[in-house]
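Data block for run_38.cif (mmCIF, C-alpha atoms):
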```cif
data_coords
#
loop_
_atom_site.label_atom_id
_atom_site.label_comp_id
_atom_site.auth_asym_id
_atom_site.auth_seq_id
_atom_site.Cartn_x
_atom_site.Cartn_y
_atom_site.Cartn_z
CA MET Q 3 9.32 7.27 27.76
CA THR Q 4 5.73 7.37 29.01
CA GLU Q 5 5.46 10.68 27.18
CA PHE Q 6 6.49 8.93 23.99
CA PHE Q 7 3.84 6.24 24.40
CA ALA Q 8 1.20 8.80 25.31
CA MET Q 9 1.64 10.48 21.88
CA GLY Q 10 0.28 13.76 23.19
CA GLY Q 11 -3.05 12.17 24.05
CA TYR Q 12 -3.41 10.48 20.64
CA ALA Q 13 -1.99 7.14 21.76
CA PHE Q 14 -5.09 5.16 20.76
CA TYR Q 15 -5.10 6.52 17.21
CA VAL Q 16 -1.36 6.48 16.58
CA TRP Q 17 -0.62 3.08 18.15
CA GLY Q 18 -3.89 1.69 16.85
CA ALA Q 19 -2.91 2.60 13.28
CA TYR Q 20 0.66 1.31 13.65
CA GLY Q 21 -0.44 -1.82 15.50
CA LEU Q 22 -3.09 -2.77 12.95
CA THR Q 23 -0.63 -2.21 10.11
CA ALA Q 24 2.01 -4.41 11.75
CA LEU Q 25 -0.57 -7.07 12.54
CA THR Q 26 -1.94 -7.29 9.01
CA LEU Q 27 1.56 -7.44 7.49
CA VAL Q 28 2.51 -10.29 9.82
CA ILE Q 29 -0.72 -12.10 8.93
CA GLU Q 30 0.02 -11.69 5.22
CA VAL Q 31 3.52 -13.13 5.51
CA LEU Q 32 2.37 -16.03 7.69
CA SER Q 33 -0.50 -16.87 5.35
CA VAL Q 34 1.82 -16.92 2.32
CA ARG Q 35 4.20 -19.10 4.32
CA SER Q 36 1.57 -21.66 5.20
CA ARG Q 37 0.34 -21.61 1.58
CA HIS Q 38 3.94 -22.27 0.54
CA HIS Q 39 4.20 -25.34 2.77
CA ARG Q 40 0.89 -26.62 1.44
CA SER Q 41 1.94 -26.08 -2.17
CA LEU Q 42 5.21 -27.94 -1.59
CA GLU Q 43 3.30 -30.83 -0.03
CA GLU Q 44 0.95 -30.98 -3.01
CA ALA Q 45 3.81 -30.65 -5.48
CA ARG Q 46 5.48 -33.66 -3.87
CA LEU Q 47 2.31 -35.71 -4.25
CA ALA Q 48 1.90 -34.63 -7.86
CA ALA Q 49 5.56 -35.04 -8.80
CA PRO Q 50 6.09 -37.37 -11.76
CA GLU Q 51 7.40 -40.79 -10.78
CA THR Q 52 11.17 -40.55 -10.51
CA THR Q 53 13.96 -42.65 -9.12
CA SER Q 54 13.58 -41.00 -5.72
CA VAL Q 55 10.16 -42.60 -5.33
CA ALA Q 56 11.51 -46.02 -6.25
CA ALA Q 57 14.45 -45.58 -3.89
CA GLU Q 58 12.11 -45.24 -0.90
CA GLY Q 59 11.43 -48.95 -1.15
CA ARG Q 60 8.43 -50.75 0.31
CA PRO Q 61 8.25 -52.88 3.43
CA MET A 26 21.86 -11.65 -26.83
CA ALA A 27 20.83 -9.47 -23.91
CA SER A 28 17.20 -9.48 -24.93
CA GLY A 29 17.38 -13.25 -25.32
CA ASN A 30 18.54 -13.51 -21.72
CA TRP A 31 15.66 -11.43 -20.48
CA TYR A 32 13.18 -13.51 -22.38
CA ARG A 33 14.53 -16.59 -20.65
CA TYR A 34 13.22 -15.27 -17.33
CA SER A 35 9.66 -15.12 -18.60
CA SER A 36 9.52 -18.88 -18.06
CA PRO A 37 8.48 -19.95 -14.54
CA ALA A 38 11.17 -22.64 -14.46
CA THR A 39 13.93 -20.02 -14.68
CA PHE A 40 12.16 -17.27 -12.75
CA TYR A 41 11.40 -19.49 -9.75
CA PRO A 42 15.04 -19.78 -8.53
CA LEU A 43 15.79 -16.15 -9.46
CA ALA A 44 12.84 -14.92 -7.37
CA GLY A 45 14.01 -17.12 -4.53
CA LYS A 46 17.40 -15.38 -4.57
CA MET A 47 15.84 -11.90 -4.68
CA ILE A 48 13.38 -12.32 -1.78
CA PRO A 49 15.93 -12.02 1.09
CA TRP A 50 17.48 -8.90 -0.45
CA PHE A 51 14.18 -7.10 -0.77
CA GLY A 52 12.92 -8.42 2.56
CA TRP A 53 15.94 -7.31 4.55
CA SER A 54 16.10 -3.95 2.76
CA ALA A 55 12.46 -3.42 3.70
CA ALA A 56 13.16 -4.27 7.35
CA VAL A 57 16.18 -1.97 7.60
CA LEU A 58 14.40 0.91 5.83
CA ALA A 59 11.31 0.46 8.01
CA ALA A 60 13.48 0.62 11.14
CA ILE A 61 15.15 3.84 9.98
CA GLY A 62 11.84 5.30 8.80
CA LEU A 63 10.09 4.52 12.09
CA TRP A 64 12.97 5.99 14.06
CA ILE A 65 12.69 9.22 12.06
CA GLY A 66 8.89 9.24 11.94
CA LEU A 67 8.22 8.42 15.58
CA GLY A 68 11.38 9.76 17.18
CA ILE A 69 13.06 12.58 15.30
CA ALA A 70 10.36 14.31 13.26
CA PRO A 71 8.95 17.32 15.12
CA THR A 72 5.41 17.50 16.44
CA ASP A 73 2.99 19.10 13.99
CA PHE A 74 1.81 22.45 15.36
CA GLN A 75 -1.77 21.93 14.15
CA GLN A 76 -2.35 18.20 14.41
CA GLY A 77 -0.12 17.39 17.37
CA GLU A 78 1.23 13.84 17.47
CA ALA A 79 -1.71 12.38 15.54
CA TYR A 80 -0.03 13.41 12.29
CA ARG A 81 2.55 10.63 12.82
CA ILE A 82 0.04 8.26 11.24
CA ILE A 83 0.93 9.73 7.84
CA PHE A 84 4.23 7.81 7.90
CA ILE A 85 2.24 4.67 7.20
CA HIS A 86 -0.85 6.20 5.62
CA VAL A 87 0.83 7.95 2.70
CA PRO A 88 3.17 5.08 1.69
CA SER A 89 0.34 2.53 1.81
CA ALA A 90 -1.97 4.82 -0.16
CA TRP A 91 0.69 5.40 -2.84
CA LEU A 92 1.36 1.70 -3.10
CA SER A 93 -2.32 0.78 -3.21
CA MET A 94 -2.63 2.79 -6.43
CA PHE A 95 0.73 1.85 -7.87
CA LEU A 96 0.34 -1.88 -7.27
CA TYR A 97 -3.00 -1.73 -9.06
CA LEU A 98 -1.36 -0.16 -12.12
CA VAL A 99 1.41 -2.77 -12.04
CA MET A 100 -1.20 -5.54 -11.77
CA ALA A 101 -3.10 -4.10 -14.74
CA ALA A 102 0.15 -3.79 -16.71
CA TRP A 103 1.00 -7.46 -16.10
CA GLY A 104 -2.55 -8.27 -17.19
CA ALA A 105 -2.05 -6.29 -20.40
CA LEU A 106 1.24 -8.08 -21.05
CA PHE A 107 -0.50 -11.40 -20.57
CA LEU A 108 -3.29 -10.46 -22.97
CA GLY A 109 -0.74 -9.26 -25.54
CA PHE A 110 1.91 -11.95 -25.36
CA ASN A 111 0.14 -14.81 -23.60
CA THR A 112 3.08 -15.31 -21.24
CA ARG A 113 1.93 -17.28 -18.22
CA LEU A 114 4.44 -15.65 -15.90
CA SER A 115 2.72 -12.27 -16.49
CA ALA A 116 -0.60 -13.73 -15.39
CA MET A 117 1.01 -15.25 -12.31
CA MET A 118 2.58 -11.91 -11.39
CA ALA A 119 -0.79 -10.20 -11.72
CA GLN A 120 -2.36 -12.90 -9.56
CA SER A 121 0.37 -12.47 -6.96
CA LEU A 122 -0.06 -8.69 -6.70
CA ALA A 123 -3.80 -8.58 -5.98
CA PRO A 124 -3.79 -9.63 -2.28
CA THR A 125 -0.90 -7.31 -1.39
CA GLY A 126 -2.57 -4.45 -3.24
CA ALA A 127 -5.80 -5.13 -1.38
CA LEU A 128 -3.91 -5.14 1.92
CA MET A 129 -2.20 -1.82 1.14
CA THR A 130 -5.61 -0.33 0.28
CA PHE A 131 -7.04 -1.66 3.52
CA ILE A 132 -4.15 -0.19 5.52
CA ALA A 133 -4.53 3.17 3.76
CA LEU A 134 -8.25 3.24 4.61
CA VAL A 135 -7.85 2.16 8.23
CA THR A 136 -4.91 4.43 9.04
CA GLY A 137 -6.72 7.27 7.27
CA SER A 138 -9.77 6.87 9.44
CA PHE A 139 -7.61 6.62 12.58
CA TRP A 140 -6.09 9.92 11.54
CA GLY A 141 -9.42 11.44 10.56
CA ARG A 142 -11.13 10.84 13.90
CA PRO A 143 -8.87 13.12 16.01
CA THR A 144 -8.18 15.57 13.18
CA TRP A 145 -11.52 15.96 11.41
CA GLY A 146 -13.72 14.57 14.16
CA THR A 147 -14.94 11.63 12.07
CA TYR A 148 -13.67 8.18 11.11
CA TRP A 149 -15.29 8.27 7.71
CA ALA A 150 -16.84 10.65 5.21
CA TRP A 151 -18.20 9.86 1.76
CA ASP A 152 -15.92 12.30 0.02
CA ALA A 153 -14.40 11.65 -3.40
CA ARG A 154 -10.95 10.58 -2.19
CA MET A 155 -12.18 8.11 0.40
CA THR A 156 -14.99 6.72 -1.72
CA SER A 157 -12.74 6.11 -4.73
CA GLU A 158 -10.13 4.45 -2.49
CA LEU A 159 -12.86 2.19 -1.11
CA ILE A 160 -13.83 1.31 -4.70
CA LEU A 161 -10.17 0.39 -5.26
CA LEU A 162 -10.44 -2.11 -2.40
CA PHE A 163 -13.58 -3.58 -3.99
CA LEU A 164 -11.79 -3.81 -7.35
CA TYR A 165 -8.95 -5.79 -5.79
CA LEU A 166 -11.40 -8.04 -3.98
CA GLY A 167 -13.42 -8.37 -7.20
CA VAL A 168 -10.36 -9.51 -9.17
CA MET A 169 -9.55 -12.07 -6.48
CA ALA A 170 -13.14 -13.31 -6.29
CA LEU A 171 -13.37 -13.55 -10.07
CA ARG A 172 -10.30 -15.77 -10.14
CA ASN A 173 -11.80 -18.06 -7.52
CA ALA A 174 -15.05 -18.24 -9.46
CA ILE A 175 -13.45 -19.58 -12.68
CA ASP A 176 -12.10 -23.12 -12.62
CA ASP A 177 -9.96 -22.97 -15.76
CA PRO A 178 -6.83 -20.99 -14.79
CA ARG A 179 -6.18 -19.68 -18.32
CA ARG A 180 -9.70 -18.31 -18.63
CA ALA A 181 -9.41 -16.87 -15.12
CA ASP A 182 -6.16 -15.15 -16.17
CA ARG A 183 -7.87 -13.53 -19.13
CA ALA A 184 -10.98 -12.45 -17.20
CA CYS A 185 -8.89 -10.99 -14.36
CA ALA A 186 -6.64 -9.13 -16.80
CA VAL A 187 -9.65 -7.55 -18.49
CA LEU A 188 -11.26 -6.59 -15.18
CA SER A 189 -7.97 -5.09 -13.88
CA LEU A 190 -7.56 -3.04 -17.05
CA VAL A 191 -11.12 -1.71 -16.91
CA GLY A 192 -10.71 -0.91 -13.22
CA ALA A 193 -7.50 1.03 -13.85
CA VAL A 194 -9.68 4.02 -14.76
CA ASN A 195 -10.31 4.39 -11.03
CA VAL A 196 -6.65 5.10 -10.21
CA PRO A 197 -6.44 8.58 -11.82
CA ILE A 198 -9.81 9.33 -10.25
CA ILE A 199 -8.34 8.61 -6.80
CA TYR A 200 -5.21 10.56 -7.56
CA PHE A 201 -6.90 13.70 -8.89
CA SER A 202 -10.01 13.52 -6.70
CA VAL A 203 -8.66 16.13 -4.30
CA LYS A 204 -8.25 18.53 -7.22
CA TRP A 205 -11.44 17.77 -9.14
CA TRP A 206 -13.82 17.87 -6.20
CA ASN A 207 -14.06 19.68 -2.91
CA THR A 208 -13.05 16.94 -0.55
CA LEU A 209 -12.73 16.73 3.19
CA HIS A 210 -9.46 14.97 2.42
CA GLN A 211 -6.70 17.51 2.05
CA GLY A 212 -4.74 18.08 -1.15
CA SER A 213 -1.37 16.40 -1.55
CA SER A 214 1.54 17.69 0.51
CA VAL A 215 4.07 16.14 -1.83
CA SER A 216 4.01 16.47 -5.61
CA LEU A 217 6.45 16.09 -8.45
CA THR A 218 5.94 19.64 -9.66
CA ALA A 219 6.09 21.78 -6.51
CA ALA A 220 8.21 22.06 -3.40
CA PRO A 221 6.87 19.85 -0.59
CA LYS A 222 4.75 21.60 2.02
CA MET A 223 6.26 19.94 5.07
CA ALA A 224 9.36 19.86 7.22
CA MET A 225 12.40 18.15 5.75
CA THR A 226 12.60 15.43 8.42
CA MET A 227 8.91 14.60 7.95
CA LEU A 228 9.43 14.28 4.20
CA THR A 229 12.56 12.16 4.62
CA GLY A 230 10.78 9.82 7.03
CA MET A 231 7.84 9.48 4.67
CA LEU A 232 10.03 8.72 1.65
CA ILE A 233 12.05 6.12 3.56
CA MET A 234 8.83 4.49 4.77
CA SER A 235 7.61 4.48 1.16
CA PHE A 236 10.70 2.64 0.00
CA ALA A 237 10.26 0.20 2.89
CA ALA A 238 6.68 -0.44 1.79
CA TRP A 239 7.90 -0.86 -1.78
CA PHE A 240 10.51 -3.43 -0.93
CA TYR A 241 8.14 -5.25 1.38
CA SER A 242 5.58 -5.49 -1.42
CA ILE A 243 8.18 -6.73 -3.90
CA ALA A 244 9.44 -9.35 -1.44
CA VAL A 245 6.02 -10.68 -0.47
CA CYS A 246 4.78 -10.69 -4.09
CA LEU A 247 7.84 -12.63 -5.23
CA TYR A 248 7.23 -15.04 -2.37
CA ARG A 249 3.60 -15.46 -3.38
CA VAL A 250 4.38 -15.82 -7.08
CA ARG A 251 6.69 -18.73 -6.25
CA VAL A 252 3.84 -20.39 -4.38
CA ILE A 253 1.51 -19.75 -7.31
CA MET A 254 4.04 -21.37 -9.65
CA LEU A 255 4.18 -24.46 -7.45
CA GLU A 256 0.38 -24.61 -7.27
CA ARG A 257 -0.23 -24.15 -10.95
CA GLU A 258 2.67 -26.12 -12.41
CA ARG A 259 2.78 -29.04 -10.00
CA GLY A 260 3.13 -32.28 -11.85
CA SER A 261 5.36 -30.65 -14.45
CA ALA A 262 8.93 -31.83 -14.91
CA TRP A 263 10.63 -28.69 -13.61
CA VAL A 264 8.63 -28.64 -10.35
CA GLY A 265 9.35 -32.34 -9.84
CA GLU A 266 13.07 -31.70 -10.23
CA LEU A 267 13.16 -28.92 -7.59
CA GLN A 268 15.31 -29.81 -4.62
CA GLU A 269 12.66 -28.80 -2.07
CA VAL A 270 10.03 -30.95 -3.82
CA GLU A 271 12.24 -34.00 -4.18
CA ALA A 272 13.67 -33.90 -0.68
CA ARG A 273 11.57 -35.91 1.73
#
```

Mind turning this structure into C-alpha coordinates?
Amino acid sequence: MTEFFAMGGYAFYVWGAYGLTALTLVIEVLSVRSRHHRSLEEARLAAPETTSVAAEGRP
Amino acid sequence: MASGNWYRYSSPATFYPLAGKMIPWFGWSAAVLAAIGLWIGLGIAPTDFQQGEAYRIIFIHVPSAWLSMFLYLVMAAWGALFLGFNTRLSAMMAQSLAPTGALMTFIALVTGSFWGRPTWGTYWAWDARMTSELILLFLYLGVMALRNAIDDPRRADRACAVLSLVGAVNVPIIYFSVKWWNTLHQGSSVSLTAAPKMAMTMLTGMLIMSFAAWFYSIAVCLYRVRVIMLERERGSAWVGELQEVEAR
(Lines of atoms letter the chains of each structure in order from A and count residues from 1; the text may use other names and numbers.)
(Lines give C-alpha, C1' and ligand atoms only; values in the text may rest on other atoms or scores of the structure.)
Protein backbone atom coordinates (compact mmCIF):
# COMPACT_ATOMS: atom_id res chain seq x y z
CA MET A 1 0.00 0.00 0.00
CA THR A 2 2.77 2.45 0.87
CA GLU A 3 4.37 1.42 -2.40
CA PHE A 4 1.20 2.44 -4.20
CA PHE A 5 1.18 5.87 -2.57
CA ALA A 6 4.88 6.35 -3.20
CA MET A 7 4.27 6.08 -6.99
CA GLY A 8 7.86 5.03 -7.60
CA GLY A 9 9.17 8.29 -6.17
CA TYR A 10 6.79 10.45 -8.25
CA ALA A 11 4.17 10.79 -5.51
CA PHE A 12 4.28 14.60 -5.47
CA TYR A 13 3.68 14.89 -9.21
CA VAL A 14 1.12 12.11 -9.59
CA TRP A 15 -0.94 12.89 -6.47
CA GLY A 16 -0.45 16.61 -7.00
CA ALA A 17 -1.97 16.35 -10.48
CA TYR A 18 -4.83 14.09 -9.37
CA GLY A 19 -5.47 16.12 -6.21
CA LEU A 20 -5.62 19.46 -8.01
CA THR A 21 -7.94 18.01 -10.63
CA ALA A 22 -10.30 16.62 -8.00
CA LEU A 23 -10.20 19.86 -6.05
CA THR A 24 -11.03 22.08 -9.02
CA LEU A 25 -13.90 19.80 -10.11
CA VAL A 26 -15.39 19.91 -6.61
CA ILE A 27 -15.03 23.70 -6.57
CA GLU A 28 -16.79 23.95 -9.93
CA VAL A 29 -19.76 21.84 -8.81
CA LEU A 30 -20.07 23.69 -5.50
CA SER A 31 -19.91 27.08 -7.18
CA VAL A 32 -22.64 26.13 -9.66
CA ARG A 33 -24.69 24.82 -6.73
CA SER A 34 -24.44 28.04 -4.76
CA ARG A 35 -25.21 30.02 -7.94
CA HIS A 36 -28.28 27.80 -8.35
CA HIS A 37 -29.54 28.60 -4.86
CA ARG A 38 -28.97 32.30 -5.46
CA SER A 39 -30.80 32.21 -8.80
CA LEU A 40 -33.77 30.43 -7.22
CA GLU A 41 -33.89 33.05 -4.46
CA GLU A 42 -33.85 35.85 -7.03
CA ALA A 43 -36.41 34.09 -9.21
CA ARG A 44 -38.75 33.91 -6.22
CA LEU A 45 -38.38 37.64 -5.61
CA ALA A 46 -38.95 38.42 -9.28
CA ALA A 47 -41.84 35.99 -9.73
CA PRO A 48 -45.00 37.65 -11.05
CA GLU A 49 -47.67 38.15 -8.41
CA THR A 50 -49.67 34.96 -8.15
CA THR A 51 -52.16 33.45 -5.78
CA SER A 52 -49.37 31.91 -3.72
CA VAL A 53 -48.21 35.37 -2.70
CA ALA A 54 -51.71 36.39 -1.67
CA ALA A 55 -52.18 33.14 0.23
CA GLU A 56 -49.25 33.97 2.53
CA GLY A 57 -51.44 36.57 4.20
CA ARG A 58 -50.21 39.50 6.26
CA PRO A 59 -50.19 39.89 10.02
CA MET B 1 -43.73 15.66 -36.58
CA ALA B 2 -40.39 14.48 -35.23
CA SER B 3 -38.64 17.67 -36.25
CA GLY B 4 -41.45 19.65 -34.63
CA ASN B 5 -40.78 17.84 -31.37
CA TRP B 6 -37.11 18.67 -31.49
CA TYR B 7 -37.83 22.29 -32.14
CA ARG B 8 -39.97 22.37 -29.03
CA TYR B 9 -36.86 21.76 -26.91
CA SER B 10 -35.16 24.88 -28.21
CA SER B 11 -37.36 26.84 -25.82
CA PRO B 12 -35.94 27.24 -22.29
CA ALA B 13 -39.34 26.52 -20.74
CA THR B 14 -39.34 22.98 -22.17
CA PHE B 15 -35.59 22.38 -22.00
CA TYR B 16 -35.34 23.30 -18.31
CA PRO B 17 -37.20 20.22 -16.99
CA LEU B 18 -35.62 17.95 -19.62
CA ALA B 19 -32.12 19.05 -18.57
CA GLY B 20 -33.08 18.48 -14.96
CA LYS B 21 -33.97 14.86 -15.76
CA MET B 22 -30.74 14.28 -17.70
CA ILE B 23 -28.30 15.63 -15.09
CA PRO B 24 -28.40 12.63 -12.68
CA TRP B 25 -27.90 10.16 -15.55
CA PHE B 26 -24.83 11.93 -16.88
CA GLY B 27 -23.53 12.69 -13.40
CA TRP B 28 -23.75 9.12 -12.15
CA SER B 29 -22.37 7.71 -15.40
CA ALA B 30 -19.41 10.05 -15.01
CA ALA B 31 -18.83 8.92 -11.41
CA VAL B 32 -19.00 5.22 -12.27
CA LEU B 33 -16.76 5.59 -15.33
CA ALA B 34 -14.25 7.67 -13.35
CA ALA B 35 -14.11 4.97 -10.66
CA ILE B 36 -13.46 2.26 -13.26
CA GLY B 37 -10.99 4.44 -15.14
CA LEU B 38 -9.04 5.32 -11.99
CA TRP B 39 -8.95 1.69 -10.95
CA ILE B 40 -7.47 0.75 -14.33
CA GLY B 41 -5.21 3.80 -14.58
CA LEU B 42 -3.79 3.73 -11.07
CA GLY B 43 -4.12 0.05 -10.27
CA ILE B 44 -4.05 -2.26 -13.27
CA ALA B 45 -2.13 -0.46 -16.01
CA PRO B 46 1.54 -1.47 -16.01
CA THR B 47 4.37 0.88 -15.11
CA ASP B 48 5.85 2.64 -18.13
CA PHE B 49 9.40 1.41 -18.72
CA GLN B 50 10.70 4.88 -19.63
CA GLN B 51 8.64 7.26 -17.51
CA GLY B 52 8.03 5.08 -14.47
CA GLU B 53 4.88 5.86 -12.51
CA ALA B 54 4.85 9.54 -13.53
CA TYR B 55 3.12 8.57 -16.77
CA ARG B 56 -0.07 7.85 -14.79
CA ILE B 57 -0.82 11.57 -15.03
CA ILE B 58 -1.84 11.04 -18.66
CA PHE B 59 -5.09 9.42 -17.50
CA ILE B 60 -6.31 12.88 -16.56
CA HIS B 61 -4.09 14.97 -18.81
CA VAL B 62 -5.18 13.53 -22.15
CA PRO B 63 -8.96 13.49 -21.45
CA SER B 64 -8.91 17.07 -20.15
CA ALA B 65 -6.82 18.25 -23.11
CA TRP B 66 -9.19 16.58 -25.59
CA LEU B 67 -12.19 18.10 -23.89
CA SER B 68 -10.63 21.55 -23.65
CA MET B 69 -10.48 21.64 -27.46
CA PHE B 70 -13.76 19.87 -28.08
CA LEU B 71 -15.77 22.01 -25.67
CA TYR B 72 -14.42 25.09 -27.41
CA LEU B 73 -15.68 23.82 -30.77
CA VAL B 74 -19.06 22.99 -29.25
CA MET B 75 -19.23 26.46 -27.70
CA ALA B 76 -18.39 28.06 -31.06
CA ALA B 77 -21.00 25.86 -32.78
CA TRP B 78 -23.71 26.97 -30.34
CA GLY B 79 -22.58 30.54 -31.00
CA ALA B 80 -22.93 30.00 -34.74
CA LEU B 81 -26.40 28.52 -34.25
CA PHE B 82 -27.37 31.54 -32.20
CA LEU B 83 -26.09 33.95 -34.85
CA GLY B 84 -27.92 32.01 -37.57
CA PHE B 85 -31.25 31.28 -35.93
CA ASN B 86 -31.35 33.72 -33.02
CA THR B 87 -32.45 30.97 -30.62
CA ARG B 88 -31.77 32.08 -27.08
CA LEU B 89 -31.20 28.55 -25.82
CA SER B 90 -28.15 28.28 -28.13
CA ALA B 91 -26.65 31.39 -26.57
CA MET B 92 -27.31 30.04 -23.08
CA MET B 93 -25.63 26.75 -23.96
CA ALA B 94 -22.59 28.61 -25.25
CA GLN B 95 -22.52 30.69 -22.07
CA SER B 96 -22.76 27.55 -19.95
CA LEU B 97 -19.86 25.80 -21.69
CA ALA B 98 -17.22 28.52 -21.28
CA PRO B 99 -16.34 28.01 -17.57
CA THR B 100 -16.14 24.22 -17.88
CA GLY B 101 -14.01 24.55 -21.00
CA ALA B 102 -11.72 26.96 -19.18
CA LEU B 103 -11.44 24.51 -16.28
CA MET B 104 -10.58 21.61 -18.59
CA THR B 105 -7.90 23.77 -20.22
CA PHE B 106 -6.53 24.70 -16.81
CA ILE B 107 -6.43 21.04 -15.74
CA ALA B 108 -4.70 20.05 -19.00
CA LEU B 109 -2.04 22.73 -18.45
CA VAL B 110 -1.45 21.96 -14.77
CA THR B 111 -1.36 18.17 -15.13
CA GLY B 112 0.88 18.60 -18.18
CA SER B 113 3.39 20.63 -16.23
CA PHE B 114 3.27 18.15 -13.32
CA TRP B 115 4.12 15.48 -15.86
CA GLY B 116 6.73 17.60 -17.60
CA ARG B 117 8.79 18.32 -14.50
CA PRO B 118 9.86 14.71 -13.77
CA THR B 119 9.87 13.65 -17.44
CA TRP B 120 11.40 16.61 -19.28
CA GLY B 121 12.97 18.33 -16.29
CA THR B 122 10.83 21.46 -16.62
CA TYR B 123 7.34 22.56 -15.62
CA TRP B 124 6.91 24.77 -18.64
CA ALA B 125 8.38 25.45 -22.07
CA TRP B 126 7.18 27.93 -24.67
CA ASP B 127 6.70 25.31 -27.33
CA ALA B 128 3.88 25.42 -29.86
CA ARG B 129 1.59 22.90 -28.15
CA MET B 130 1.79 24.46 -24.71
CA THR B 131 1.64 28.04 -25.91
CA SER B 132 -1.42 27.43 -28.09
CA GLU B 133 -3.14 25.60 -25.23
CA LEU B 134 -2.42 28.59 -22.98
CA ILE B 135 -3.97 30.85 -25.64
CA LEU B 136 -7.04 28.59 -25.51
CA LEU B 137 -7.33 29.32 -21.79
CA PHE B 138 -7.10 33.06 -22.51
CA LEU B 139 -9.78 32.72 -25.20
CA TYR B 140 -12.15 31.07 -22.75
CA LEU B 141 -11.41 33.71 -20.13
CA GLY B 142 -11.79 36.41 -22.80
CA VAL B 143 -15.25 35.14 -23.78
CA MET B 144 -16.30 35.10 -20.12
CA ALA B 145 -14.88 38.57 -19.47
CA LEU B 146 -16.53 39.95 -22.59
CA ARG B 147 -19.91 38.72 -21.40
CA ASN B 148 -19.41 40.38 -18.02
CA ALA B 149 -18.41 43.62 -19.72
CA ILE B 150 -21.65 43.97 -21.73
CA ASP B 151 -24.82 44.78 -19.81
CA ASP B 152 -27.36 43.89 -22.49
CA PRO B 153 -27.51 40.06 -22.56
CA ARG B 154 -28.54 39.85 -26.24
CA ARG B 155 -25.62 42.00 -27.34
CA ALA B 156 -23.32 40.00 -25.06
CA ASP B 157 -24.58 36.80 -26.72
CA ARG B 158 -23.73 38.13 -30.16
CA ALA B 159 -20.30 39.49 -29.18
CA CYS B 160 -19.36 36.24 -27.41
CA ALA B 161 -20.52 34.15 -30.37
CA VAL B 162 -18.37 36.18 -32.75
CA LEU B 163 -15.33 36.00 -30.47
CA SER B 164 -15.75 32.22 -30.00
CA LEU B 165 -15.98 31.70 -33.75
CA VAL B 166 -12.89 33.78 -34.45
CA GLY B 167 -11.00 31.98 -31.69
CA ALA B 168 -11.92 28.57 -33.10
CA VAL B 169 -8.97 28.97 -35.50
CA ASN B 170 -6.74 28.21 -32.51
CA VAL B 171 -8.13 24.68 -32.05
CA PRO B 172 -6.61 23.12 -35.20
CA ILE B 173 -3.40 24.96 -34.37
CA ILE B 174 -3.28 23.18 -30.98
CA TYR B 175 -4.20 19.86 -32.51
CA PHE B 176 -1.64 19.92 -35.34
CA SER B 177 1.06 21.86 -33.48
CA VAL B 178 3.03 18.71 -32.72
CA LYS B 179 3.14 17.94 -36.44
CA TRP B 180 3.73 21.43 -37.81
CA TRP B 181 6.50 22.43 -35.44
CA ASN B 182 9.27 20.73 -33.56
CA THR B 183 7.84 20.71 -30.09
CA LEU B 184 9.11 19.50 -26.77
CA HIS B 185 5.63 18.05 -26.40
CA GLN B 186 5.50 14.61 -27.91
CA GLY B 187 3.33 13.65 -30.87
CA SER B 188 -0.01 11.98 -30.22
CA SER B 189 -0.02 8.39 -29.01
CA VAL B 190 -3.59 7.87 -30.12
CA SER B 191 -4.95 8.81 -33.53
CA LEU B 192 -7.91 7.88 -35.68
CA THR B 193 -5.73 6.74 -38.56
CA ALA B 194 -3.03 4.58 -36.95
CA ALA B 195 -2.79 1.86 -34.35
CA PRO B 196 -2.25 3.31 -30.86
CA LYS B 197 1.32 3.31 -29.60
CA MET B 198 0.60 2.13 -26.08
CA ALA B 199 -0.39 -0.90 -24.08
CA MET B 200 -4.01 -1.99 -24.34
CA THR B 201 -4.81 -1.46 -20.64
CA MET B 202 -3.34 2.05 -20.77
CA LEU B 203 -5.48 2.87 -23.80
CA THR B 204 -8.61 1.40 -22.22
CA GLY B 205 -8.08 3.38 -19.03
CA MET B 206 -7.55 6.57 -20.98
CA LEU B 207 -10.67 6.09 -23.10
CA ILE B 208 -12.81 5.33 -20.04
CA MET B 209 -11.44 8.42 -18.30
CA SER B 210 -12.27 10.42 -21.43
CA PHE B 211 -15.87 9.28 -21.35
CA ALA B 212 -16.00 10.11 -17.65
CA ALA B 213 -14.74 13.62 -18.40
CA TRP B 214 -17.29 13.88 -21.20
CA PHE B 215 -20.23 12.93 -19.05
CA TYR B 216 -19.03 15.14 -16.22
CA SER B 217 -18.84 18.09 -18.59
CA ILE B 218 -22.32 17.40 -19.98
CA ALA B 219 -23.77 17.09 -16.48
CA VAL B 220 -22.19 20.24 -15.10
CA CYS B 221 -23.00 22.27 -18.24
CA LEU B 222 -26.64 21.19 -18.10
CA TYR B 223 -26.67 22.15 -14.43
CA ARG B 224 -25.19 25.56 -15.23
CA VAL B 225 -27.49 26.18 -18.19
CA ARG B 226 -30.48 25.66 -15.89
CA VAL B 227 -29.07 28.28 -13.54
CA ILE B 228 -28.49 30.63 -16.47
CA MET B 229 -32.11 30.15 -17.54
CA LEU B 230 -33.33 31.06 -14.06
CA GLU B 231 -31.06 34.11 -13.98
CA ARG B 232 -31.96 35.40 -17.40
CA GLU B 233 -35.66 34.56 -17.52
CA ARG B 234 -36.65 35.34 -13.95
CA GLY B 235 -39.84 37.32 -13.85
CA SER B 236 -41.21 35.41 -16.84
CA ALA B 237 -44.35 33.33 -16.48
CA TRP B 238 -42.71 29.93 -16.93
CA VAL B 239 -40.07 30.57 -14.23
CA GLY B 240 -42.77 31.83 -11.87
CA GLU B 241 -44.75 28.63 -12.38
CA LEU B 242 -41.80 26.33 -11.55
CA GLN B 243 -42.42 24.25 -8.46
CA GLU B 244 -39.05 25.09 -6.90
CA VAL B 245 -39.66 28.83 -7.40
CA GLU B 246 -43.20 28.80 -6.05
CA ALA B 247 -42.49 26.61 -3.04
CA ARG B 248 -41.54 28.67 -0.03

task = Within 6 Å of chain Q, which residues of chain A are there when counting only C-alpha atoms? Please give them as JSON, numbers by chain.
result = {"A": [78, 79, 82, 136, 139, 252, 255, 256, 259, 260, 265, 270]}

inquiry  = Counting all atoms listed in the file, find residues at most 12 Å from (7.4, -6.2, -7.3) (file frame) and give them as a PyMOL selection string.
reply    = chain A and resi 44+47-48+51-52+92+95-100+103+115+118-119+121-123+125-126+236+238-250

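The space between CA of Phe131 (chain A) and CA of Met94 (chain A) spans 11.8 Å.
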
ask   = From the list A:Asp177, A:Asp152, A:Glu269, A:Glu158, which residue is nearest Ala90 (chain A) when using only C-alpha atoms?
value = A:Glu158

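When the PyMOL selection byres ((chain A and resi 61) around 12) is run on the displayed coordinates, the residues it returns are Ser54, Ala55, Ala56, Val57, Leu58, Ala59, Ala60, Gly62, Leu63, Trp64, Ile65, Gly66, Leu67, Gly68, Ile69, Ala70, Phe84, Thr226, Thr229, Gly230, Met231, Leu232, Ile233, Met234, Ser235, Phe236 and Ala237 of chain A.
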